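Dumped model-v9.cif below, it's mmCIF, C-alpha atoms:
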```cif
data_query
loop_
_atom_site.label_atom_id
_atom_site.label_comp_id
_atom_site.auth_asym_id
_atom_site.auth_seq_id
_atom_site.Cartn_x
_atom_site.Cartn_y
_atom_site.Cartn_z
CA MET A 1 7.24 50.77 7.07
CA ILE A 2 6.34 47.66 9.03
CA THR A 3 9.88 46.35 8.68
CA LYS A 4 11.43 49.55 10.07
CA ARG A 5 9.06 49.44 13.04
CA VAL A 6 9.96 45.86 13.74
CA ILE A 7 13.63 46.65 13.66
CA ALA A 8 13.22 49.62 15.94
CA LEU A 9 11.16 47.58 18.34
CA GLY A 10 13.82 44.86 18.35
CA VAL A 11 16.50 47.38 19.23
CA VAL A 12 14.49 48.69 22.13
CA LEU A 13 13.78 45.17 23.38
CA MET A 14 17.50 44.32 23.23
CA ALA A 15 18.39 47.40 25.16
CA MET A 16 15.82 46.58 27.80
CA LEU A 17 17.13 43.04 27.94
CA LEU A 18 20.70 44.22 28.47
CA LEU A 19 19.56 46.42 31.33
CA VAL A 20 17.89 43.62 33.20
CA MET A 21 20.56 40.94 32.56
CA PRO A 22 23.37 40.62 35.23
CA VAL A 23 26.85 41.72 34.07
CA ALA A 24 29.91 39.70 35.25
CA ALA A 25 32.36 41.80 37.41
CA ILE A 26 35.87 42.27 36.05
CA GLY A 27 37.41 40.97 39.29
CA GLY A 28 35.00 38.37 40.18
CA ASN A 29 35.57 35.22 42.26
CA GLU A 30 37.26 36.74 45.37
CA ALA A 31 40.22 35.04 47.06
CA TRP A 32 42.79 36.20 49.58
CA ILE A 33 46.56 36.60 49.73
CA GLN A 34 47.74 36.47 53.35
CA VAL A 35 51.07 38.22 54.05
CA ARG A 36 52.92 37.12 57.15
CA CYS A 37 55.80 39.32 58.39
CA ASN A 38 58.06 39.36 61.46
CA VAL A 39 57.81 43.13 62.03
CA GLU A 40 54.67 44.78 63.34
CA GLY A 41 53.55 47.88 61.48
CA ALA A 42 55.45 47.10 58.28
CA SER A 43 53.78 48.52 55.15
CA VAL A 44 52.80 46.02 52.46
CA TYR A 45 52.76 46.72 48.74
CA PHE A 46 51.58 44.51 45.83
CA ASP A 47 53.42 45.53 42.66
CA GLY A 48 53.81 49.01 44.15
CA ASP A 49 50.17 49.35 45.28
CA TYR A 50 49.83 50.01 49.02
CA LYS A 51 47.72 47.33 50.72
CA GLY A 52 48.00 48.10 54.45
CA GLN A 53 50.17 47.35 57.48
CA ILE A 54 51.08 44.18 59.31
CA ALA A 55 49.00 43.74 62.46
CA GLY A 56 49.26 40.72 64.66
CA GLY A 57 51.96 39.36 62.40
CA GLU A 58 49.79 39.27 59.21
CA LEU A 59 47.78 41.18 56.63
CA ASN A 60 44.95 39.61 54.51
CA VAL A 61 44.65 41.20 51.08
CA PRO A 62 41.53 40.35 48.95
CA VAL A 63 42.20 39.58 45.27
CA TYR A 64 40.00 38.51 42.38
CA THR A 65 40.73 35.41 40.37
CA THR A 66 39.27 36.96 37.23
CA GLY A 67 41.15 40.25 37.62
CA THR A 68 44.69 41.18 36.60
CA PRO A 69 46.93 39.20 38.97
CA TYR A 70 49.62 40.71 41.23
CA HIS A 71 53.11 39.21 41.03
CA THR A 72 55.22 40.64 43.89
CA ALA A 73 54.56 41.42 47.57
CA LYS A 74 56.90 43.88 49.36
CA ALA A 75 57.26 44.91 53.04
CA VAL A 76 58.80 48.24 54.10
CA MET A 77 59.72 49.48 57.62
CA ASP A 78 62.09 52.20 58.91
CA GLY A 79 65.21 50.69 60.42
CA TYR A 80 64.91 47.53 58.32
CA TYR A 81 66.05 46.47 54.91
CA THR A 82 63.14 46.34 52.40
CA SER A 83 62.21 42.76 51.48
CA SER A 84 59.94 41.31 48.77
CA THR A 85 58.72 37.92 47.61
CA SER A 86 56.85 36.41 44.65
CA ILE A 87 53.11 35.93 45.11
CA GLY A 88 53.04 32.99 42.71
CA SER A 89 49.79 31.47 41.46
CA TYR A 90 46.53 32.87 42.78
CA PRO A 91 44.36 30.78 45.07
CA ALA A 92 40.99 29.55 43.85
CA ALA A 93 37.88 31.59 44.61
CA GLY A 94 37.13 31.63 48.33
CA GLU A 95 40.61 30.32 49.26
CA THR A 96 43.64 31.94 50.87
CA ARG A 97 47.29 31.78 49.83
CA THR A 98 49.98 32.67 52.38
CA VAL A 99 53.28 34.32 51.56
CA TYR A 100 56.07 35.09 54.03
CA ILE A 101 58.29 38.17 54.17
CA THR A 102 61.16 38.51 56.64
CA LEU A 103 62.62 41.96 57.41
CA ASN A 104 66.19 42.28 58.69
CA PRO A 105 67.23 45.36 60.73
CA THR A 106 69.74 47.79 59.29
CA PRO A 107 72.93 48.20 61.40
CA THR A 108 72.75 50.94 64.04
CA PRO A 109 75.50 53.47 63.24
CA ALA A 110 78.15 53.69 65.95
CA PRO A 111 78.01 56.94 67.89
CA ALA A 112 80.48 59.51 66.60
CA THR A 113 83.59 59.89 68.73
CA THR A 114 85.27 62.69 66.79
CA GLY A 115 84.39 66.15 65.57
CA THR A 116 85.64 68.90 63.32
CA LEU A 117 87.08 72.41 63.64
CA SER A 118 86.57 74.93 60.85
CA VAL A 119 89.22 77.62 61.32
CA THR A 120 89.13 80.95 59.51
CA SER A 121 91.09 84.14 60.13
CA SER A 122 91.30 87.79 59.17
CA PRO A 123 93.55 88.21 57.30
CA SER A 124 93.45 84.73 55.80
CA GLY A 125 96.45 82.57 54.95
CA ALA A 126 97.57 82.24 58.58
CA LYS A 127 99.11 79.04 59.90
CA VAL A 128 96.87 76.86 62.06
CA TYR A 129 98.14 74.75 64.96
CA VAL A 130 95.92 72.46 67.04
CA ASP A 131 97.48 71.14 70.24
CA GLY A 132 100.86 72.13 68.81
CA SER A 133 100.46 70.24 65.50
CA TYR A 134 100.46 72.16 62.20
CA TYR A 135 97.36 71.66 60.00
CA GLY A 136 97.87 74.14 57.15
CA ARG A 137 96.74 77.69 56.50
CA THR A 138 93.36 79.34 56.92
CA SER A 139 90.71 78.72 55.88
CA GLN A 140 91.19 75.19 57.18
CA VAL A 141 88.79 72.35 58.07
CA ILE A 142 90.30 69.88 60.54
CA SER A 143 88.34 66.67 61.06
CA GLY A 144 88.88 63.55 63.13
CA LEU A 145 89.59 65.46 66.34
CA SER A 146 88.75 63.83 69.64
CA THR A 147 85.89 65.33 71.61
CA GLY A 148 86.77 67.89 74.29
CA ASP A 149 88.80 71.08 74.50
CA HIS A 150 91.69 71.68 72.09
CA ARG A 151 94.31 74.45 72.04
CA VAL A 152 94.18 76.43 68.78
CA GLU A 153 96.93 78.83 67.68
CA VAL A 154 96.84 80.96 64.53
CA THR A 155 100.05 82.73 63.44
CA LEU A 156 100.95 85.10 60.63
CA ASP A 157 104.13 87.12 60.12
CA GLY A 158 103.70 90.68 61.35
CA TYR A 159 100.77 89.78 63.59
CA GLU A 160 100.36 88.73 67.20
CA THR A 161 99.81 84.99 67.72
CA TRP A 162 96.12 84.28 68.29
CA LYS A 163 95.37 81.63 70.92
CA SER A 164 92.14 80.06 72.11
CA SER A 165 90.64 76.90 73.56
CA SER A 166 87.90 75.44 71.35
CA ARG A 167 85.58 72.58 72.25
CA VAL A 168 85.05 69.74 69.76
CA ARG A 169 81.72 67.90 69.91
CA ALA A 170 81.04 64.45 68.50
CA GLY A 171 79.76 64.54 64.95
CA GLN A 172 79.64 68.34 64.86
CA VAL A 173 81.60 71.17 63.26
CA THR A 174 82.87 73.92 65.56
CA ASP A 175 83.61 77.25 63.89
CA VAL A 176 86.76 79.10 65.03
CA TYR A 177 87.41 82.66 63.86
CA ALA A 178 90.73 84.37 64.59
CA SER A 179 90.91 88.15 64.25
CA LEU A 180 94.65 88.84 64.07
CA THR A 181 96.21 91.99 65.50
CA HIS A 182 99.27 93.69 64.07
CA LYS A 183 102.39 93.29 66.18
CA PRO A 184 103.56 96.53 67.76
CA THR A 185 106.81 97.78 66.32
CA LEU A 186 109.53 97.45 68.94
CA GLY A 187 112.85 99.10 69.71
CA SER A 188 115.23 99.39 72.65
CA ILE A 189 116.73 101.94 75.05
CA TYR A 190 120.26 101.94 76.45
CA VAL A 191 120.33 103.73 79.80
CA SER A 192 123.58 104.76 81.48
CA SER A 193 124.35 107.10 84.36
CA ASP A 194 127.20 108.83 86.14
CA PRO A 195 127.64 107.43 88.72
CA SER A 196 126.44 103.99 87.59
CA GLY A 197 124.28 101.62 89.61
CA ALA A 198 121.30 103.96 89.57
CA ASN A 199 117.76 102.64 89.49
CA ILE A 200 115.91 102.84 86.16
CA TYR A 201 112.16 103.41 85.84
CA LEU A 202 110.47 103.25 82.42
CA ASP A 203 107.01 104.82 82.43
CA GLY A 204 107.00 104.33 86.20
CA VAL A 205 108.00 100.64 86.10
CA TYR A 206 111.28 99.54 87.67
CA LYS A 207 113.68 98.05 85.10
CA GLY A 208 116.93 97.42 86.99
CA THR A 209 120.09 99.46 87.41
CA THR A 210 122.41 101.35 85.08
CA PRO A 211 123.98 100.59 82.72
CA ARG A 212 121.27 98.47 81.06
CA THR A 213 119.65 97.90 77.67
CA LEU A 214 115.86 97.82 77.83
CA SER A 215 114.58 95.64 74.96
CA GLY A 216 111.14 95.06 73.47
CA ILE A 217 109.95 98.63 73.98
CA ALA A 218 106.92 99.71 71.94
CA GLU A 219 107.56 102.40 69.36
CA GLY A 220 106.66 105.90 70.53
CA ARG A 221 107.33 108.34 73.35
CA HIS A 222 108.31 107.09 76.81
CA TYR A 223 109.59 108.57 80.08
CA VAL A 224 112.73 107.43 81.86
CA ASP A 225 113.55 108.17 85.50
CA VAL A 226 117.03 107.51 86.91
CA GLU A 227 117.40 107.59 90.67
CA LEU A 228 120.26 106.89 93.08
CA ALA A 229 120.25 107.41 96.82
CA GLY A 230 122.22 110.53 97.75
CA TYR A 231 121.84 112.04 94.29
CA GLN A 232 119.28 114.20 92.59
CA GLU A 233 116.79 112.30 90.45
CA TRP A 234 117.07 112.53 86.64
CA SER A 235 113.91 112.37 84.51
CA GLY A 236 113.28 112.89 80.81
CA PRO A 237 111.41 111.72 77.70
CA VAL A 238 112.80 109.36 75.07
CA THR A 239 111.39 108.42 71.66
CA VAL A 240 111.68 104.78 70.57
CA VAL A 241 111.85 103.97 66.85
CA SER A 242 111.13 100.49 65.49
CA ASN A 243 114.21 98.26 65.24
CA GLN A 244 116.45 101.02 66.58
CA GLN A 245 118.12 101.73 69.92
CA ALA A 246 117.64 105.01 71.74
CA TYR A 247 120.20 106.26 74.26
CA VAL A 248 119.74 107.90 77.66
CA SER A 249 122.77 109.18 79.56
CA ALA A 250 121.94 110.65 82.96
CA SER A 251 124.50 112.75 84.83
CA LEU A 252 123.39 112.68 88.45
CA GLY A 253 124.25 115.62 90.68
CA PRO A 254 124.88 115.02 94.38
CA ASN A 255 122.10 115.85 96.75
CA PRO A 256 123.87 117.85 99.49
CA GLN A 257 121.10 117.32 102.00
CA PRO A 258 119.17 114.15 101.14
CA THR A 259 116.00 113.75 103.14
CA VAL A 260 114.88 110.30 101.95
CA GLY A 261 116.38 106.91 101.16
CA THR A 262 115.48 103.84 99.12
CA ILE A 263 114.82 100.15 99.68
CA ALA A 264 115.83 97.48 97.14
CA VAL A 265 113.54 94.42 97.43
CA TYR A 266 114.38 90.96 96.08
CA SER A 267 112.39 87.74 96.39
CA ASP A 268 112.72 84.09 95.51
CA PRO A 269 110.53 83.22 93.67
CA ILE A 270 110.04 86.48 91.79
CA GLY A 271 106.65 88.07 91.24
CA ALA A 272 105.89 88.68 94.91
CA TYR A 273 103.60 91.59 95.77
CA ILE A 274 105.44 94.26 97.80
CA TYR A 275 103.87 96.29 100.61
CA LEU A 276 105.73 99.04 102.50
CA ASP A 277 104.12 99.73 105.85
CA GLY A 278 100.90 98.27 104.41
CA ALA A 279 100.92 100.32 101.17
CA TYR A 280 101.23 98.42 97.89
CA GLN A 281 104.39 99.27 95.90
CA GLY A 282 104.66 96.76 93.02
CA ARG A 283 106.02 93.28 92.27
CA THR A 284 109.52 91.86 92.35
CA SER A 285 111.25 91.08 89.06
CA PRO A 286 114.53 89.33 88.21
CA GLU A 287 116.18 92.73 88.75
CA GLY A 288 114.36 93.22 92.04
CA PHE A 289 112.29 96.28 92.83
CA VAL A 290 113.39 99.60 94.35
CA ILE A 291 111.11 101.66 96.56
CA ILE A 292 112.14 105.29 96.30
CA GLY A 293 111.41 108.33 98.46
CA VAL A 294 111.32 106.40 101.75
CA SER A 295 111.53 108.52 104.87
CA PRO A 296 114.38 107.74 107.29
CA GLY A 297 113.65 105.36 110.12
CA ALA A 298 112.29 101.86 110.68
CA HIS A 299 109.88 100.38 108.13
CA THR A 300 108.23 97.03 107.49
CA VAL A 301 108.32 95.35 104.07
CA ASN A 302 105.75 92.60 103.47
CA LEU A 303 105.94 90.18 100.53
CA LYS A 304 102.89 88.18 99.45
CA LEU A 305 102.53 85.48 96.80
CA ASP A 306 99.84 82.85 96.29
CA GLY A 307 100.97 79.46 97.54
CA TYR A 308 103.62 80.90 99.85
CA LYS A 309 103.74 82.23 103.38
CA ASP A 310 103.79 86.00 103.79
CA ALA A 311 107.25 87.34 104.61
CA ALA A 312 107.64 90.42 106.81
CA THR A 313 110.97 92.22 107.13
CA SER A 314 111.95 95.16 109.34
CA VAL A 315 114.41 97.52 107.67
CA ASN A 316 116.04 100.80 108.71
CA VAL A 317 116.35 103.53 106.10
CA ASN A 318 118.93 106.32 106.26
CA SER A 319 118.77 109.55 104.28
CA GLY A 320 120.68 109.34 101.02
CA GLN A 321 121.31 105.60 101.38
CA GLN A 322 119.78 102.42 99.98
CA SER A 323 118.78 99.55 102.23
CA SER A 324 117.92 96.11 100.89
CA VAL A 325 115.50 93.30 101.67
CA ARG A 326 116.07 89.77 100.35
CA SER A 327 113.45 87.12 101.13
CA THR A 328 113.11 83.49 100.14
CA LEU A 329 109.39 82.79 100.35
CA GLN A 330 108.44 79.58 102.09
CA THR A 331 105.56 77.23 101.41
CA PRO A 332 103.14 76.62 104.32
CA GLY A 333 104.56 74.36 106.99
CA THR A 334 108.19 75.44 106.53
CA ASN A 335 109.98 76.23 109.82
CA THR A 336 112.39 79.16 109.47
CA GLY A 337 113.96 82.01 111.41
CA SER A 338 115.65 85.31 110.61
CA VAL A 339 118.59 87.55 111.52
CA GLU A 340 118.57 91.34 111.89
CA ILE A 341 121.97 92.82 111.02
CA THR A 342 123.03 96.41 111.80
CA SER A 343 126.39 98.10 111.82
CA ASP A 344 128.01 101.36 112.94
CA PRO A 345 128.64 102.92 110.52
CA ALA A 346 125.85 101.61 108.27
CA GLY A 347 126.27 100.58 104.63
CA ALA A 348 128.56 97.60 105.22
CA GLU A 349 128.35 94.68 102.79
CA ILE A 350 126.85 91.54 104.32
CA TYR A 351 128.09 88.02 103.56
CA LEU A 352 126.15 85.07 105.00
CA ASN A 353 128.17 81.86 104.65
CA ASN A 354 130.20 83.76 102.02
CA ALA A 355 127.06 84.65 100.01
CA TYR A 356 126.39 88.37 99.46
CA LYS A 357 123.12 89.48 101.09
CA GLY A 358 123.05 93.26 100.70
CA VAL A 359 124.18 96.10 102.96
CA THR A 360 123.40 97.03 106.54
CA PRO A 361 120.91 97.58 107.99
CA VAL A 362 118.85 94.59 106.79
CA THR A 363 116.79 91.69 108.09
CA LEU A 364 117.30 88.32 106.39
CA ASN A 365 114.17 86.20 106.62
CA ASP A 366 113.24 82.58 105.97
CA LEU A 367 116.55 81.09 107.09
CA ALA A 368 116.70 77.43 108.02
CA PRO A 369 117.55 76.85 111.69
CA GLY A 370 121.28 76.42 112.35
CA SER A 371 124.60 78.26 112.59
CA TYR A 372 125.73 80.86 110.04
CA THR A 373 128.93 82.79 109.52
CA VAL A 374 128.24 86.51 109.17
CA ALA A 375 130.92 88.78 107.70
CA LEU A 376 130.73 92.58 107.24
CA LYS A 377 132.99 94.58 104.94
CA LEU A 378 133.28 98.34 104.50
CA ASN A 379 136.03 100.35 102.85
CA GLY A 380 138.24 102.03 105.45
CA TYR A 381 137.20 99.63 108.23
CA VAL A 382 138.48 96.31 109.51
CA ASP A 383 136.49 93.29 108.31
CA TRP A 384 134.13 92.02 111.00
CA THR A 385 133.08 88.37 111.46
CA THR A 386 130.84 86.47 113.85
CA THR A 387 128.80 83.27 114.11
CA ALA A 388 125.02 83.56 114.48
CA THR A 389 122.52 80.89 115.48
CA VAL A 390 119.10 80.95 113.80
CA ASN A 391 116.13 79.44 115.66
CA THR A 392 112.69 78.62 114.33
CA GLY A 393 110.20 81.47 114.59
CA THR A 394 112.64 83.97 116.12
CA THR A 395 114.83 86.84 114.92
CA THR A 396 118.47 86.85 115.95
CA PRO A 397 119.90 90.41 116.32
CA ILE A 398 123.47 91.06 115.14
CA SER A 399 125.08 94.44 115.81
CA ALA A 400 128.59 95.23 114.63
CA GLN A 401 130.77 98.15 115.79
CA LEU A 402 133.23 98.52 112.93
CA ALA A 403 136.76 99.67 113.73
CA ALA A 404 138.54 102.06 111.40
CA VAL A 405 141.75 100.82 109.79
CA PRO A 406 144.66 102.45 111.78
CA PRO A 407 146.89 104.84 109.79
CA THR A 408 150.34 103.54 108.80
CA THR A 409 153.28 105.46 110.54
CA GLN A 410 156.81 105.58 108.97
CA LYS A 411 159.97 107.64 109.73
CA SER A 412 160.51 110.35 107.18
CA PRO A 413 164.01 110.44 105.61
CA GLY A 414 163.86 114.24 105.82
CA MET A 415 164.01 114.08 109.64
CA VAL A 416 167.20 112.01 109.72
CA VAL A 417 169.44 114.69 108.24
CA PRO A 418 168.65 117.42 110.81
CA ALA A 419 169.20 114.93 113.62
CA LEU A 420 172.60 113.94 112.30
CA GLY A 421 173.50 117.62 111.94
CA ALA A 422 172.57 118.31 115.52
CA LEU A 423 174.75 115.43 116.74
CA ALA A 424 177.67 116.77 114.74
CA VAL A 425 177.37 120.27 116.29
CA LEU A 426 177.21 118.80 119.77
CA GLY A 427 180.33 116.76 119.09
CA TYR A 428 182.21 119.83 117.83
CA LEU A 429 181.32 121.91 120.88
CA ALA A 430 182.40 119.11 123.22
CA ALA A 431 185.77 118.85 121.48
CA ARG A 432 186.46 122.60 121.88
CA ARG A 433 185.73 122.45 125.60
CA GLU A 434 188.29 119.76 126.02
CA HIS A 435 190.90 122.00 124.41
#
```

Since I need it in another form, could you write the structure as structure tokens?
Amino acid sequence: MITKRVIALGVVLMAMLLLVMPVAAIGGNEAWIQVRCNVEGASVYFDGDYKGQIAGGELNVPVYTTGTPYHTAKAVMDGYYTSSTSIGSYPAAGETRTVYITLNPTPTPAPATTGTLSVTSSPSGAKVYVDGSYYGRTSQVISGLSTGDHRVEVTLDGYETWKSSSRVRAGQVTDVYASLTHKPTLGSIYVSSDPSGANIYLDGVYKGTTPRTLSGIAEGRHYVDVELAGYQEWSGPVTVVSNQQAYVSASLGPNPQPTVGTIAVYSDPIGAYIYLDGAYQGRTSPEGFVIIGVSPGAHTVNLKLDGYKDAATSVNVNSGQQSSVRSTLQTPGTNTGSVEITSDPAGAEIYLNNAYKGVTPVTLNDLAPGSYTVALKLNGYVDWTTTATVNTGTTTPISAQLAAVPPTTQKSPGMVVPALGALAVLGYLAARREH
């Protein structure tokens, strides 16, 4: 029993002794590793353990000579390549070892100078053109395009060409969506008239004179008007079928008592806006433009076009006849004059320096100053010629009194025989008297 008590007492005393005896720390004997780096704020790691950031060009990291040693120091900073170095042998307790880490900046990427277009269409499979160059069929991604606006065209058989301007931004993708529209089915109309030379209007739009083929007409029902001064107007519907030609043949009946006339208007360049006595009528085309239903008398035709001087022309209209106006529009600063040509009777063809200019009465505007030869021709009348001088800013009047061609007189053979007979009778009677 005594032995067991002694042993138990010894155990207790040992335990008490262990409690009061100092225990050596695992990392005892502190030293320091000083990390010097060229980049402020860089993060420092020892063998992957974060130790802090560089401040004032350095970071002091405490280590313990009796602890597990670190082997590698690493510095990390955005915009720089990561760099590491070996710590080497630890310093003795209370000492400092310095290691150096140099960070080098990563290259700054050059700013993007090109961008990308992503082109899709409905329906897909359409051809894509950028600035006139073919890039394949939709859907299509086109990269390496310079920044700025580019012309995009998307084409597909049976559909209208889709066009747009799309802006390319550096380093970005611009989406382009083309919704294609079916092409209208087109046909044509051949319009003739008796007499020919009549004015054609399709759905109210002037299309020239008969005979003429009107092409590119949308399939469906249309209305054609055929009009000629001095004749009754012809009007009727026509149905256009795709890829086929419809025919209109208008037989114009004379108007015994016409009460209105027409004015044919031509301009160079075409596309001028036409005003009759201030009222808008339409625009000139390559075929000209005819104003119908104009009351007899004097009228003013004005032509207007951006970038050109307005041209005003005085024109006389006679019932059942067509007058004409031909104007060459001038740019600002051009010095021109005009001539006003009338004839009795009216309707004579006008030739200015041998160039046809319409029929009388008419005013020819925008003529360069100088002398011109004016010739008038009308069936049944003697040709008439004169020389006119055009001055800047003025209108030169020319009035022609046309002389009818004199009838040709010839002796009729039938009159010769009776005369000879009469002479013979007189001779016979004279002979008898002598006997």

For region 64-80 of chain A, work out the shell of residues within 6 Å, counting all atoms listed in the file and skipping chain neighbours fewer than 2 positions away, then give it as an MDAnalysis selection string.
chainID A and resid 26:31 42:47 82:87 104:106

In terms of the shortest atom-to-atom distance over all atoms listed in the file, which of A:Ser338, A:His299, A:Tyr372, A:Ala404 is closest to Thr392 (chain A)?
A:Ser338

Just say which residues the PyMOL selection byres ((chain A and resi 130) around 8) picks in this file, as an mmCIF file with C-alpha atoms, in the frame of the given file.
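Listing of expr.cif after writing:
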```
data_model
loop_
_atom_site.group_PDB
_atom_site.id
_atom_site.type_symbol
_atom_site.label_atom_id
_atom_site.label_comp_id
_atom_site.auth_asym_id
_atom_site.auth_seq_id
_atom_site.Cartn_x
_atom_site.Cartn_y
_atom_site.Cartn_z
ATOM 1 C CA VAL A 128 96.870 76.860 62.060
ATOM 2 C CA TYR A 129 98.140 74.750 64.960
ATOM 3 C CA ASP A 131 97.480 71.140 70.240
ATOM 4 C CA GLY A 132 100.860 72.130 68.810
ATOM 5 C CA SER A 133 100.460 70.240 65.500
ATOM 6 C CA TYR A 134 100.460 72.160 62.200
ATOM 7 C CA TYR A 135 97.360 71.660 60.000
ATOM 8 C CA HIS A 150 91.690 71.680 72.090
ATOM 9 C CA ARG A 151 94.310 74.450 72.040
ATOM 10 C CA VAL A 152 94.180 76.430 68.780
ATOM 11 C CA GLU A 153 96.930 78.830 67.680
#
```

Which residue gives the smallest distance to Gly187 (chain A) among A:Thr331, A:Ser139, A:Ser242, A:Gln232, with all atoms listed in the file counted?
A:Ser242

I'd like the residues picked by the PyMOL selection byres ((chain A and resi 337) around 9) written out as an MDAnalysis selection string, using the chain letters and numbers from the file.
chainID A and resid 335:336 338:339 364:369 390:396

When you look at Pro123 (chain A) with a cut-off of 9 Å (counting only C-alpha atoms), what residues show up, excluding the ones that are within fewer than 5 positions of it in the same chain? I need them as a JSON list (two decimals) with C-alpha atoms, in the coordinates of the input.
```json
[["chain", "number", "residue", "atom", "x", "y", "z"],
["A", 138, "THR", "CA", 93.36, 79.34, 56.92],
["A", 156, "LEU", "CA", 100.95, 85.10, 60.63],
["A", 178, "ALA", "CA", 90.73, 84.37, 64.59],
["A", 179, "SER", "CA", 90.91, 88.15, 64.25],
["A", 180, "LEU", "CA", 94.65, 88.84, 64.07]]
```

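CA of Ala348 (chain A) lies 26.0 Å from CA of Tyr201 (chain A).
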
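Going from CA of Asn243 (chain A) over to CA of Thr185 (chain A), you cover 7.5 Å.
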
Which polymer residues have any atom within 12 Å of an atom of Asp310 (chain A), counting all atoms listed in the file, with same-chain residues fewer than 2 positions away left out, as a PyMOL selection string?
chain A and resi 267+272-275+301-308+312-313+327-332+334+365-366

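Residue nearest Arg167 (chain A), chosen from A:Ile292, A:Thr114, A:Thr342, A:Asp383 and counting all atoms listed in the file: A:Thr114.
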
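CA of Gly216 (chain A) to CA of Leu186 (chain A) spans 5.4 Å [interatomic distance, one decimal].
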
Taking 2 positions as the minimum chain separation for residues in the same chain, which residues sit within 6 Å of Val265 (chain A) when counting all atoms listed in the file? Answer as a ChimeraX atom specification.
/A:288-289,324-325

Given the file shown, enumerate the residues that the PyMOL selection byres ((chain A and resi 207-212) around 9) captures and present them as an MDAnalysis selection string.
chainID A and resid 189:202 205:206 213:214 226 285:290

Generate the output file for the selected residues, C-alpha atoms, as a CSV table (one decimal), in the frame of the given file.
```csv
chain,number,residue,atom,x,y,z
A,189,ILE,CA,116.7,101.9,75.0
A,190,TYR,CA,120.3,101.9,76.4
A,191,VAL,CA,120.3,103.7,79.8
A,192,SER,CA,123.6,104.8,81.5
A,193,SER,CA,124.4,107.1,84.4
A,194,ASP,CA,127.2,108.8,86.1
A,195,PRO,CA,127.6,107.4,88.7
A,196,SER,CA,126.4,104.0,87.6
A,197,GLY,CA,124.3,101.6,89.6
A,198,ALA,CA,121.3,104.0,89.6
A,199,ASN,CA,117.8,102.6,89.5
A,200,ILE,CA,115.9,102.8,86.2
A,201,TYR,CA,112.2,103.4,85.8
A,202,LEU,CA,110.5,103.2,82.4
A,205,VAL,CA,108.0,100.6,86.1
A,206,TYR,CA,111.3,99.5,87.7
A,213,THR,CA,119.6,97.9,77.7
A,214,LEU,CA,115.9,97.8,77.8
A,226,VAL,CA,117.0,107.5,86.9
A,285,SER,CA,111.2,91.1,89.1
A,286,PRO,CA,114.5,89.3,88.2
A,287,GLU,CA,116.2,92.7,88.8
A,288,GLY,CA,114.4,93.2,92.0
A,289,PHE,CA,112.3,96.3,92.8
A,290,VAL,CA,113.4,99.6,94.4
```

Got a sec: who's within 7 Å of Tyr223 (chain A), counting only C-alpha atoms, leaving out chain neighbours fewer than 2 positions off, as a count of residues only?
6

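Nearest residue to Asp149 (chain A), choosing from A:Gly125, A:Gly52, A:Gly115, A:Gly253 and counting only C-alpha atoms: A:Gly115.
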
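Distance annotation: of A:Ala218, A:Val176, A:Ala403, A:Cys37, the residue with the minimal separation from Val99 (chain A) is A:Cys37; atom set is all atoms listed in the file.
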
To test the calculation: enclose all listed atoms of region 106-114 of chain A in a box whose edges run along x, y and z, add 8 Å on each side, then state centre and edge lengths in Å to one decimal, as AutoDock Vina command-line options.
```
--center_x 77.5 --center_y 55.2 --center_z 64.0 --size_x 31.5 --size_y 30.9 --size_z 25.4
```
